[in-house]
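Coordinates from work.cif are shown below (mmCIF, C-alpha atoms).
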data_run
#
loop_
_atom_site.label_atom_id
_atom_site.label_comp_id
_atom_site.auth_asym_id
_atom_site.auth_seq_id
_atom_site.Cartn_x
_atom_site.Cartn_y
_atom_site.Cartn_z
CA MET A 1 63.33 35.24 49.25
CA THR A 2 62.74 36.69 45.80
CA LEU A 3 60.87 39.94 45.51
CA LEU A 4 58.26 39.76 42.79
CA PRO A 5 57.63 42.97 40.92
CA SER A 6 54.90 44.70 42.79
CA ARG A 7 51.60 45.47 41.00
CA THR A 8 50.24 47.68 43.73
CA PRO A 9 49.44 51.28 42.90
CA ILE A 10 51.92 52.33 45.53
CA ALA A 11 54.71 50.47 43.81
CA ARG A 12 53.66 51.88 40.36
CA ASP A 13 53.65 55.37 41.74
CA ALA A 14 57.06 54.74 43.12
CA THR A 15 58.38 53.96 39.63
CA PRO A 16 59.45 57.10 37.88
CA ASN A 17 57.15 57.94 34.99
CA PRO A 18 59.18 57.91 31.78
CA TYR A 19 56.70 60.26 30.05
CA SER A 20 55.90 63.80 30.87
CA ASP A 21 52.20 64.80 30.29
CA SER A 22 53.00 66.20 26.90
CA GLU A 23 54.85 63.08 25.82
CA LYS A 24 52.16 60.51 26.74
CA PRO A 25 51.14 58.22 23.91
CA MET A 26 48.34 59.43 21.69
CA LYS A 27 45.92 56.76 22.88
CA ARG A 28 45.98 57.98 26.43
CA GLN A 29 45.63 61.53 25.31
CA TRP A 30 42.39 61.01 23.43
CA ILE A 31 40.76 59.25 26.32
CA ARG A 32 41.74 61.99 28.65
CA THR A 33 40.91 64.91 26.41
CA GLY A 34 37.83 63.38 24.76
CA THR A 35 39.18 63.89 21.24
CA GLY A 36 38.90 60.12 20.64
CA THR A 37 35.13 59.99 21.15
CA PRO A 38 34.06 61.00 17.61
CA PRO A 39 36.26 58.37 15.88
CA ILE A 40 35.01 55.66 18.24
CA LEU A 41 31.40 56.65 17.67
CA LEU A 42 32.01 56.82 13.94
CA GLY A 43 33.51 53.34 14.02
CA ILE A 44 30.53 51.96 15.93
CA LEU A 45 28.18 53.69 13.50
CA ILE A 46 29.96 52.19 10.48
CA LEU A 47 29.95 48.74 12.08
CA VAL A 48 26.24 48.91 12.86
CA SER A 49 25.50 50.18 9.32
CA CYS A 50 27.50 47.34 7.81
CA LEU A 51 25.65 44.77 9.92
CA LEU A 52 22.28 46.25 9.01
CA TRP A 53 23.20 46.44 5.30
CA THR A 54 24.49 42.86 5.30
CA SER A 55 21.42 41.49 7.01
CA ALA A 56 19.13 43.51 4.70
CA THR A 57 20.99 42.31 1.61
CA MET A 58 20.92 38.71 2.77
CA ALA A 59 17.23 38.87 3.54
CA GLU A 60 16.54 40.50 0.17
CA GLY A 61 18.82 38.06 -1.66
CA ASP A 62 17.27 34.98 -0.16
CA GLY A 63 13.77 36.17 -0.87
CA TRP A 64 14.01 36.95 -4.55
CA LYS A 65 16.15 33.97 -5.40
CA THR A 66 13.81 31.55 -3.69
CA ASP A 67 10.87 33.09 -5.52
CA PHE A 68 12.75 33.00 -8.82
CA GLU A 69 13.60 29.33 -8.45
CA ARG A 70 10.07 28.44 -7.43
CA LEU A 71 8.44 30.33 -10.32
CA CYS A 72 10.81 29.25 -13.08
CA GLY A 73 10.71 25.70 -11.76
CA TYR A 74 7.25 25.47 -13.35
CA THR A 75 8.44 26.05 -16.92
CA ASP A 76 8.86 22.39 -17.81
CA ILE A 77 5.31 21.55 -16.73
CA ALA A 78 3.71 24.80 -17.88
CA THR A 79 1.57 23.02 -20.47
CA THR A 80 -0.03 20.88 -17.78
CA LEU A 81 -1.07 23.83 -15.61
CA GLU A 82 -4.58 25.27 -15.34
CA PRO A 83 -5.17 28.78 -16.75
CA SER A 84 -5.82 30.12 -13.23
CA LYS A 85 -2.41 28.85 -12.07
CA LEU A 86 -0.71 30.32 -15.14
CA THR A 87 -2.34 33.70 -14.49
CA GLU A 88 -1.14 33.54 -10.89
CA LEU A 89 2.40 32.72 -12.01
CA ILE A 90 2.43 35.61 -14.52
CA GLY A 91 1.37 38.00 -11.76
CA GLU A 92 4.07 36.69 -9.43
CA CYS A 93 6.70 37.02 -12.16
CA ASP A 94 5.70 40.65 -12.70
CA LEU A 95 6.07 41.35 -8.99
CA LEU A 96 9.43 39.59 -8.95
CA LEU A 97 10.61 41.68 -11.90
CA GLU A 98 9.76 44.85 -10.00
CA ARG A 99 11.83 43.61 -7.04
CA LEU A 100 14.72 42.62 -9.28
CA GLN A 101 14.80 46.06 -10.91
CA LYS A 102 15.45 47.59 -7.50
CA LEU A 103 18.38 45.32 -6.63
CA SER A 104 21.96 46.51 -6.60
CA ASP A 105 23.28 42.98 -7.22
CA PRO A 106 25.38 42.84 -10.42
CA LYS A 107 23.64 39.57 -11.29
CA LYS A 108 20.24 41.23 -11.56
CA LYS A 109 20.71 41.72 -15.32
CA MET A 110 20.79 37.96 -15.83
CA TYR A 111 17.90 37.22 -13.48
CA ILE A 112 15.70 39.85 -15.11
CA PHE A 113 16.34 38.16 -18.47
CA ARG A 114 15.53 34.74 -17.07
CA THR A 115 12.41 35.85 -15.20
CA LYS A 116 11.08 37.51 -18.37
CA LYS A 117 11.63 34.27 -20.26
CA CYS A 118 9.63 32.33 -17.67
CA ARG A 119 6.82 34.91 -17.59
CA ASP A 120 6.62 35.03 -21.39
CA LEU A 121 6.38 31.26 -21.56
CA PHE A 122 3.52 31.19 -19.03
CA ARG A 123 1.74 33.88 -21.05
CA PHE A 124 2.30 31.95 -24.27
CA VAL A 125 0.90 28.75 -22.78
CA LEU A 126 -2.06 30.66 -21.35
CA GLU A 127 -2.82 32.16 -24.78
CA THR A 128 -2.46 28.74 -26.38
CA LYS A 129 -5.07 27.46 -23.96
CA GLY A 130 -7.33 30.34 -24.91
CA GLY A 131 -6.96 32.13 -21.58
CA MET B 1 7.96 52.34 -88.91
CA GLY B 2 7.77 48.60 -88.23
CA LYS B 3 11.45 48.58 -87.36
CA LEU B 4 10.89 51.41 -84.85
CA ASN B 5 8.04 49.48 -83.16
CA LYS B 6 10.26 46.43 -82.91
CA THR B 7 13.01 48.51 -81.26
CA ARG B 8 10.48 50.00 -78.82
CA PHE B 9 9.14 46.53 -78.03
CA LEU B 10 12.65 45.23 -77.35
CA THR B 11 13.47 48.27 -75.18
CA VAL B 12 10.32 47.72 -73.10
CA CYS B 13 11.14 44.00 -72.74
CA PHE B 14 14.69 44.71 -71.60
CA SER B 15 13.48 47.36 -69.16
CA LEU B 16 10.94 44.95 -67.70
CA PHE B 17 13.56 42.21 -67.46
CA PHE B 18 15.94 44.60 -65.71
CA LEU B 19 13.28 45.74 -63.22
CA VAL B 20 12.24 42.18 -62.43
CA SER B 21 15.89 41.14 -61.96
CA VAL B 22 16.55 44.04 -59.57
CA SER B 23 13.45 43.30 -57.51
CA PHE B 24 14.37 39.61 -57.19
CA ALA B 25 17.96 40.49 -56.35
CA ALA B 26 16.70 42.70 -53.51
CA THR B 27 14.56 39.85 -52.20
CA TYR B 28 17.11 37.08 -52.25
CA GLY B 29 20.31 39.00 -51.60
CA ALA B 30 23.85 38.08 -52.44
CA LYS B 31 25.26 34.61 -52.22
CA LYS B 32 26.88 33.91 -48.87
CA ARG B 33 30.24 32.21 -48.46
CA ARG B 34 29.78 28.78 -46.95
CA PRO B 35 31.73 28.61 -43.66
CA LYS B 36 34.40 25.96 -43.16
CA PRO B 37 33.45 23.08 -40.83
CA HIS B 38 35.36 24.53 -37.86
CA GLU B 39 33.87 27.98 -38.43
CA TYR B 40 30.26 26.82 -38.69
CA GLY B 41 28.29 28.26 -35.80
CA SER B 42 31.05 30.60 -34.65
CA VAL B 43 29.87 33.99 -33.48
CA VAL B 44 31.92 37.17 -33.48
CA ILE B 45 31.09 39.27 -30.42
CA ASN B 46 32.13 42.88 -30.61
CA ASN B 47 29.89 45.00 -28.41
CA PHE B 48 32.71 46.61 -26.49
CA SER B 49 35.96 44.89 -27.54
CA ALA B 50 37.01 47.21 -30.37
CA LYS B 51 36.00 50.27 -28.35
CA ASN B 52 38.36 49.06 -25.61
CA ARG B 53 41.13 48.31 -28.12
CA MET B 54 40.70 44.56 -27.82
CA ARG B 55 40.17 42.12 -30.65
CA PRO B 56 36.56 40.93 -30.92
CA VAL B 57 35.72 37.58 -29.37
CA VAL B 58 35.27 34.58 -31.64
CA PHE B 59 32.90 32.25 -29.86
CA PRO B 60 33.26 28.67 -31.14
CA HIS B 61 29.84 27.10 -30.84
CA TRP B 62 31.09 23.60 -31.68
CA ILE B 63 33.09 22.97 -28.50
CA HIS B 64 30.38 24.43 -26.31
CA ARG B 65 27.55 22.46 -27.92
CA ALA B 66 29.62 19.31 -27.62
CA LYS B 67 29.45 19.65 -23.83
CA HIS B 68 26.27 21.53 -22.95
CA THR B 69 22.62 21.72 -23.90
CA CYS B 70 21.43 24.89 -25.64
CA ARG B 71 19.24 25.64 -22.64
CA LEU B 72 22.12 25.77 -20.18
CA CYS B 73 23.62 28.78 -21.94
CA HIS B 74 20.63 30.43 -23.60
CA VAL B 75 18.25 30.15 -20.67
CA ASP B 76 20.14 29.45 -17.45
CA ILE B 77 23.21 31.58 -18.08
CA GLY B 78 21.17 34.11 -20.03
CA PHE B 79 22.85 34.43 -23.42
CA ALA B 80 20.46 36.08 -25.84
CA MET B 81 19.63 34.20 -29.03
CA ARG B 82 20.62 37.17 -31.18
CA ALA B 83 24.36 37.64 -31.70
CA GLY B 84 25.53 40.65 -29.69
CA GLY B 85 22.18 40.84 -27.89
CA THR B 86 23.58 40.03 -24.46
CA GLU B 87 26.04 42.96 -24.33
CA ILE B 88 28.54 41.13 -22.18
CA THR B 89 31.06 43.30 -20.36
CA GLU B 90 34.34 42.50 -18.65
CA GLU B 91 32.71 43.34 -15.31
CA ASP B 92 29.91 40.85 -16.01
CA ASN B 93 32.43 38.08 -16.57
CA LYS B 94 34.37 38.98 -13.45
CA ALA B 95 31.11 38.90 -11.46
CA GLY B 96 30.55 35.30 -12.60
CA LEU B 97 27.98 36.09 -15.25
CA TYR B 98 27.84 34.85 -18.85
CA CYS B 99 31.27 33.50 -19.92
CA GLY B 100 32.44 33.99 -16.33
CA ALA B 101 29.88 31.44 -15.10
CA CYS B 102 32.27 28.71 -16.33
CA HIS B 103 35.45 30.53 -17.34
CA ASP B 104 36.53 31.30 -13.80
CA GLY B 105 39.96 29.66 -13.80
CA GLN B 106 38.65 26.67 -11.86
CA GLN B 107 36.04 24.96 -14.00
CA VAL B 108 37.70 26.07 -17.23
CA PHE B 109 40.40 28.56 -18.07
CA GLY B 110 39.84 32.08 -16.81
CA GLN B 111 41.35 35.39 -17.77
CA SER B 112 44.73 34.44 -16.35
CA GLU B 113 46.40 31.71 -14.35
CA THR B 114 49.66 31.07 -12.54
CA ASN B 115 51.87 28.45 -14.13
CA GLU B 116 54.28 26.00 -12.43
CA LYS B 117 57.04 28.62 -12.39
CA GLY B 118 54.80 31.04 -10.54
CA GLU B 119 54.37 33.29 -13.55
CA THR B 120 51.03 34.81 -14.50
CA VAL B 121 49.83 33.66 -17.90
CA GLU B 122 47.15 35.76 -19.58
CA HIS B 123 44.50 33.97 -21.63
CA CYS B 124 42.93 37.01 -23.29
CA ASP B 125 43.72 35.89 -26.84
CA ARG B 126 42.02 32.53 -26.45
CA CYS B 127 38.70 34.38 -26.64
CA HIS B 128 39.68 37.73 -28.15
CA SER B 129 41.06 35.97 -31.17
CA TYR B 130 39.40 37.59 -34.16
CA ARG B 131 41.79 37.54 -37.13
CA LYS B 132 44.74 36.80 -34.88
CA ASP B 133 47.33 34.29 -36.02
CA GLY B 134 49.24 31.93 -33.76
CA VAL B 135 46.64 31.56 -31.02
CA VAL B 136 47.03 28.18 -29.32
CA PHE B 137 43.64 26.67 -28.55
CA LYS B 138 43.25 23.72 -26.24
CA ASN B 139 40.77 21.89 -28.46
CA ASN B 140 41.40 21.06 -32.09
CA PHE B 141 38.20 20.82 -34.12
CA TYR B 142 39.51 18.38 -36.71
CA GLU B 143 40.87 15.98 -34.07
CA PHE B 144 37.49 16.11 -32.33
CA LYS B 145 35.63 15.58 -35.60
CA LYS B 146 37.46 12.30 -36.21
CA THR B 147 35.76 10.84 -33.12
CA MET B 148 32.25 11.88 -34.17
CA PRO B 149 29.74 10.42 -36.66
CA ALA B 150 30.00 12.26 -39.95
CA GLY B 151 27.34 14.70 -41.09
CA ARG B 152 26.90 16.10 -44.56
CA PHE B 153 26.63 19.79 -43.78
CA GLY B 154 27.49 22.40 -41.18
CA ASN B 155 30.29 21.20 -38.93
CA GLY B 156 30.33 17.91 -40.80
CA ILE B 157 29.20 16.19 -37.60
CA ASP B 158 25.90 14.41 -37.05
CA TRP B 159 25.24 15.82 -33.59
CA LEU B 160 21.97 13.94 -33.07
CA LYS B 161 23.66 10.63 -33.78
CA ALA B 162 26.63 11.64 -31.61
CA GLU B 163 24.31 12.08 -28.65
CA ASP B 164 22.28 8.95 -29.39
CA GLU B 165 25.50 6.92 -29.50
CA GLY B 166 26.73 8.49 -26.26
CA ARG B 167 29.75 10.12 -27.86
CA VAL B 168 28.75 13.46 -26.40
CA LYS B 169 27.17 13.83 -22.99
CA LEU B 170 25.46 17.16 -22.66
CA VAL B 171 25.47 18.90 -19.30
CA ASP B 172 22.15 20.60 -18.50
CA TYR B 173 22.80 21.80 -14.97
CA LEU B 174 25.31 24.29 -13.61
CA GLU B 175 25.58 24.48 -9.83
CA GLY B 176 24.70 27.90 -8.49
CA VAL B 177 23.18 29.00 -11.79
CA SER B 178 20.63 26.44 -12.98
CA ILE B 179 17.45 25.77 -11.07
CA LYS B 180 15.97 22.43 -10.17
CA ARG B 181 13.04 22.00 -12.51
CA GLN B 182 10.13 19.66 -12.36
CA LYS B 183 10.37 16.73 -14.73
CA LEU B 184 9.70 17.77 -18.32
CA LYS B 185 6.48 16.42 -19.75
CA ASN B 186 7.45 15.18 -23.18
CA PRO B 187 5.60 17.20 -25.79
CA GLU B 188 4.18 15.35 -28.77
CA ASP B 189 5.91 15.47 -32.12
CA ILE B 190 4.27 17.68 -34.72
CA GLU B 191 3.62 16.95 -38.35
CA ILE B 192 3.90 20.00 -40.58
CA SER B 193 2.79 19.70 -44.16
CA ALA B 194 5.16 21.00 -46.80
CA LYS B 195 3.62 23.44 -49.23
CA GLU B 196 5.98 22.52 -52.05
CA THR B 197 4.64 19.81 -54.32
CA GLY B 198 6.68 16.63 -54.09
CA MET B 199 8.48 17.74 -50.93
CA PRO B 200 7.99 15.29 -48.03
CA ASP B 201 6.21 16.64 -44.95
CA ILE B 202 8.13 17.65 -41.84
CA ILE B 203 8.12 15.56 -38.68
CA PHE B 204 9.12 18.03 -36.02
CA SER B 205 10.66 16.21 -33.07
CA HIS B 206 9.26 18.22 -30.19
CA ARG B 207 10.84 15.80 -27.75
CA LYS B 208 14.38 16.24 -29.06
CA HIS B 209 14.07 20.00 -29.23
CA ALA B 210 12.58 20.26 -25.75
CA ILE B 211 15.31 18.15 -24.15
CA TRP B 212 18.02 20.39 -25.57
CA ASN B 213 16.21 23.70 -25.34
CA GLY B 214 13.52 23.46 -22.69
CA CYS B 215 10.29 25.27 -23.57
CA GLU B 216 11.20 28.86 -22.83
CA LEU B 217 14.09 29.07 -25.28
CA CYS B 218 11.76 28.76 -28.30
CA HIS B 219 8.42 29.94 -26.91
CA PRO B 220 7.43 32.65 -27.41
CA GLU B 221 10.60 34.41 -28.61
CA ILE B 222 11.15 32.28 -31.70
CA PHE B 223 7.79 30.56 -32.04
CA GLY B 224 5.29 32.95 -30.57
CA VAL B 225 2.51 31.63 -32.69
CA ASN B 226 -0.08 29.02 -32.07
CA ARG B 227 0.17 26.00 -34.25
CA GLY B 228 -1.06 26.74 -37.76
CA GLU B 229 -2.06 30.31 -36.92
CA VAL B 230 0.74 32.01 -38.84
CA ARG B 231 2.14 30.43 -41.96
CA TYR B 232 5.84 30.83 -42.34
CA THR B 233 7.75 30.06 -45.47
CA MET B 234 11.18 28.73 -46.31
CA GLN B 235 12.12 32.31 -47.15
CA ASP B 236 11.37 33.32 -43.52
CA ILE B 237 13.58 30.47 -42.36
CA PHE B 238 16.38 31.46 -44.74
CA ASP B 239 16.11 34.97 -43.29
CA GLY B 240 16.86 33.62 -39.80
CA ARG B 241 13.33 33.54 -38.43
CA TYR B 242 11.49 30.55 -36.90
CA CYS B 243 13.57 27.39 -37.52
CA GLY B 244 16.22 29.63 -39.08
CA ALA B 245 17.04 31.10 -35.66
CA CYS B 246 19.19 28.01 -35.11
CA HIS B 247 19.22 26.05 -38.37
CA ASP B 248 21.82 27.56 -40.70
CA LEU B 249 23.59 29.23 -37.79
CA VAL B 250 24.43 26.45 -35.33
CA ALA B 251 22.12 23.50 -35.87
CA PHE B 252 22.30 21.64 -39.19
CA PRO B 253 21.78 24.04 -42.10
CA ASN B 254 18.75 24.45 -44.32
CA ALA B 255 20.63 22.92 -47.22
CA ASP B 256 20.12 19.57 -45.47
CA CYS B 257 16.45 19.27 -46.58
CA GLN B 258 16.17 15.69 -45.36
CA GLY B 259 17.02 16.78 -41.84
CA CYS B 260 13.46 18.13 -41.48
CA HIS B 261 11.41 16.85 -44.43
CA THR B 262 11.48 13.33 -43.11
CA LYS B 263 7.98 11.91 -43.49
CA PRO B 264 8.05 8.92 -45.82
CA VAL B 265 6.20 9.71 -49.03
CA PHE B 266 5.09 6.12 -49.67
#
What would the structure in this file look like if it were written as structure tokens?
Amino acid sequence: MTLLPSRTPIARDATPNPYSDSEKPMKRQWIRTGTGTPPILLGILILVSCLLWTSATMAEGDGWKTDFERLCGYTDIATTLEPSKLTELIGECDLLLERLQKLSDPKKKMYIFRTKKCRDLFRFVLETKGG
Amino acid sequence: MGKLNKTRFLTVCFSLFFLVSVSFAATYGAKKRRPKPHEYGSVVINNFSAKNRMRPVVFPHWIHRAKHTCRLCHVDIGFAMRAGGTEITEEDNKAGLYCGACHDGQQVFGQSETNEKGETVEHCDRCHSYRKDGVVFKNNFYEFKKTMPAGRFGNGIDWLKAEDEGRVKLVDYLEGVSIKRQKLKNPEDIEISAKETGMPDIIFSHRKHAIWNGCELCHPEIFGVNRGEVRYTMQDIFDGRYCGACHDLVAFPNADCQGCHTKPVF
């Protein structure tokens, strides 16, 4: 009969501990002394912040880009639109520009340029129609 | 006494002639050197290059216009119509903006690439090539020109005919950059009467311009005026305004009168 290594606490206690209290690995020491709590909390805090920032950025990113594509999608048919619709589009472009100015995305420079182009075209067509 | 009057008269005439000459010289400027066919349309971009001890960029319009519509770059990618107006930085390109929208090392050559031997090859001088000898470009203008219908001015290529014959196929959509637009309603062509006696009137092909440029490239930045509201002259066009924003810079030059003044006289 083969004796399997025992996993009972009694057997573990029977094994001589290779470490004295002062020599125990660092990991065990912080749990025991509580010195590990601040780094763990800090880690959790950073993780939560990252998740919140990512979700906020994604939500923000999706929103403005969808609006940009919808608004500038009208440029090729701008001449067929009613003055009331053109006025509405100009207003929406202005709001979008305000949102774009607040972004931290490096691409905002390009989207501001493009949104201004769309807004200016709508204004031009509106003026042409005497609006 | 009579001799003195004659001298005075001649002095006044010469002075007047001199003043008139100077005023006309100020209006019309000095004669420009005509660019060579491969240089026509090239733009030197030097917003930050020299400050960062790099050679300025020489942007060859010909190879880009042979593949893309004007709108793709000047509306979708956001290149300003005025040279140097975009203020492109290295960071912009690395972030996938402007040149970096295509020059990313995958679609077309990027800043560097790894060759078959595993060595990194830098491509800086393919763009930062101003007054640099020995730069090896992938595309040779004169080889390309042989395959295109001949034009009389500019690049020496009839770009309109090249597109009509299907020799160039212009891309108007870049994934991740361009937006899906509603179908363009073809605008009507416009007839503009020439003010010069004997000069045929202009038939402005709104359709052709709109297909290449969209609406927002020209209106209102270049043509912010209602039809017939502001009268512009050939001098305005020579000075780079209105039609001159493209014609004489990239599109066929103003010297090609028949390019625009096309209405049959009889």
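Across the model, the gap from CA of Ala95 in chain B to CA of His74 in chain B is 18.1 Å.
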For this session: Tell me which residues the PyMOL selection byres ((chain A and resi 106-123) around 6) grabs here, as a ChimeraX atom specification.
Result: /A:72,86,90,93,105,124-126 /B:78,216,219
For this session: Determine the residue set returned by the PyMOL selection byres ((chain B) within 8 of (chain A)) for the present structure, and present it as number ranges by chain.
Result: B: 75-78, 92, 95, 97, 179-185, 214-217, 219-220, 224, 226
Problem set entry | Residue contacts of Lys138 in chain B (12 Å, only C-alpha atoms) excluding same-chain residues fewer than 5 positions away, as JSON, numbers by chain | {"B": [63, 108, 109, 123, 126, 127, 143, 144]}
For this session: Provide the CA of Glu116 in chain B to CA of Glu90 in chain B distance in Å, to one decimal place.
Result: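 It comes out at 26.6 Å.
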For this session: May I have the residues within 7 Å of range 250-259 of chain B as an MDAnalysis selection string, using only C-alpha atoms and disregarding those fewer than 2 positions away in the same chain?
Result: chainID B and resid 40:41 153:154 246:248 261:262
Listed atoms of range 239-246 of chain B, axis-aligned box, 3 Å per side: centre and edge lengths to one decimal in Å, as JSON?
{"center_x": 15.3, "center_y": 31.2, "center_z": -39.2, "size_x": 13.7, "size_y": 13.6, "size_z": 14.2}
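Put simply, CA of Leu100 in chain A is 20.4 Å away from CA of Lys94 in chain B.
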Exercise. Taking the file as shown, what set of residues would the PyMOL selection byres ((chain B and resi 81) around 10) give back, as a VMD selection string?
Worked result: chain B and resid 73 to 75 78 to 80 82 to 86 217 to 218 221 to 222 245 to 246
Exercise. Skipping near chain neighbours, those fewer than 2 positions away, what residues fall within 10 Å of Lys208 in chain B using all atoms listed in the file, listed as a VMD selection string?
Worked result: chain B and resid 160 186 to 187 189 204 to 206 210 to 214
Atoms kept (C-alpha atoms) for selection, written as a PDB file, in the frame of the given file:
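Just written: again15.pdb:
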ATOM      1  CA  LEU B 160      21.970  13.940 -33.070  1.00  0.00           C
ATOM      2  CA  ASN B 186       7.450  15.180 -23.180  1.00  0.00           C
ATOM      3  CA  PRO B 187       5.600  17.200 -25.790  1.00  0.00           C
ATOM      4  CA  ASP B 189       5.910  15.470 -32.120  1.00  0.00           C
ATOM      5  CA  PHE B 204       9.120  18.030 -36.020  1.00  0.00           C
ATOM      6  CA  SER B 205      10.660  16.210 -33.070  1.00  0.00           C
ATOM      7  CA  HIS B 206       9.260  18.220 -30.190  1.00  0.00           C
ATOM      8  CA  ALA B 210      12.580  20.260 -25.750  1.00  0.00           C
ATOM      9  CA  ILE B 211      15.310  18.150 -24.150  1.00  0.00           C
ATOM     10  CA  TRP B 212      18.020  20.390 -25.570  1.00  0.00           C
ATOM     11  CA  ASN B 213      16.210  23.700 -25.340  1.00  0.00           C
ATOM     12  CA  GLY B 214      13.520  23.460 -22.690  1.00  0.00           C
TER      13      GLY B 214
END
Would you list the contacts of range 131-134 of chain B as a tab-separated table (two decimals) with C-alpha atoms, keeping the file's coordinate frame, taking every protein, DNA or RNA residue within 12 Å and counting only C-alpha atoms, but skipping same-chain residues closer than 3 positions in sequence?
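Result went into out_13.tsv, see below:
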chain	number	residue	atom	x	y	z
B	44	VAL	CA	31.92	37.17	-33.48
B	54	MET	CA	40.70	44.56	-27.82
B	55	ARG	CA	40.17	42.12	-30.65
B	56	PRO	CA	36.56	40.93	-30.92
B	57	VAL	CA	35.72	37.58	-29.37
B	58	VAL	CA	35.27	34.58	-31.64
B	124	CYS	CA	42.93	37.01	-23.29
B	125	ASP	CA	43.72	35.89	-26.84
B	126	ARG	CA	42.02	32.53	-26.45
B	127	CYS	CA	38.70	34.38	-26.64
B	128	HIS	CA	39.68	37.73	-28.15
B	137	PHE	CA	43.64	26.67	-28.55
Completion step: range 6-24 of chain B with N, CA and C atoms as a compact mmCIF listing (two decimals), in the coordinates of the input:
# COMPACT_ATOMS: atom_id res chain seq x y z
N LYS B 6 9.52 47.60 -83.40
CA LYS B 6 10.26 46.43 -82.91
C LYS B 6 11.31 46.86 -81.89
N THR B 7 11.98 47.99 -82.19
CA THR B 7 13.01 48.51 -81.26
C THR B 7 12.37 48.90 -79.93
N ARG B 8 11.20 49.60 -80.05
CA ARG B 8 10.48 50.00 -78.82
C ARG B 8 10.09 48.77 -77.99
N PHE B 9 9.57 47.77 -78.71
CA PHE B 9 9.14 46.53 -78.03
C PHE B 9 10.31 45.88 -77.28
N LEU B 10 11.46 45.83 -77.98
CA LEU B 10 12.65 45.23 -77.35
C LEU B 10 13.12 46.04 -76.15
N THR B 11 13.05 47.40 -76.29
CA THR B 11 13.47 48.27 -75.18
C THR B 11 12.58 48.03 -73.96
N VAL B 12 11.26 47.95 -74.21
CA VAL B 12 10.32 47.72 -73.10
C VAL B 12 10.60 46.36 -72.45
N CYS B 13 10.84 45.34 -73.27
CA CYS B 13 11.14 44.00 -72.74
C CYS B 13 12.39 44.00 -71.88
N PHE B 14 13.43 44.64 -72.36
CA PHE B 14 14.69 44.71 -71.60
C PHE B 14 14.50 45.46 -70.29
N SER B 15 13.72 46.56 -70.38
CA SER B 15 13.48 47.36 -69.16
C SER B 15 12.75 46.51 -68.13
N LEU B 16 11.70 45.80 -68.61
CA LEU B 16 10.94 44.95 -67.70
C LEU B 16 11.83 43.87 -67.09
N PHE B 17 12.64 43.26 -67.93
CA PHE B 17 13.56 42.21 -67.46
C PHE B 17 14.51 42.76 -66.39
N PHE B 18 15.01 43.95 -66.64
CA PHE B 18 15.94 44.60 -65.71
C PHE B 18 15.24 44.86 -64.36
N LEU B 19 14.01 45.42 -64.46
CA LEU B 19 13.28 45.74 -63.22
C LEU B 19 12.98 44.47 -62.41
N VAL B 20 12.56 43.44 -63.11
CA VAL B 20 12.24 42.18 -62.43
C VAL B 20 13.50 41.60 -61.77
N SER B 21 14.63 41.67 -62.50
CA SER B 21 15.89 41.14 -61.96
C SER B 21 16.29 41.88 -60.69
N VAL B 22 16.16 43.22 -60.73
CA VAL B 22 16.55 44.04 -59.57
C VAL B 22 15.67 43.70 -58.37
N SER B 23 14.35 43.57 -58.64
CA SER B 23 13.45 43.30 -57.51
C SER B 23 13.74 41.93 -56.89
N PHE B 24 14.04 40.94 -57.72
CA PHE B 24 14.37 39.61 -57.19
C PHE B 24 15.71 39.63 -56.46
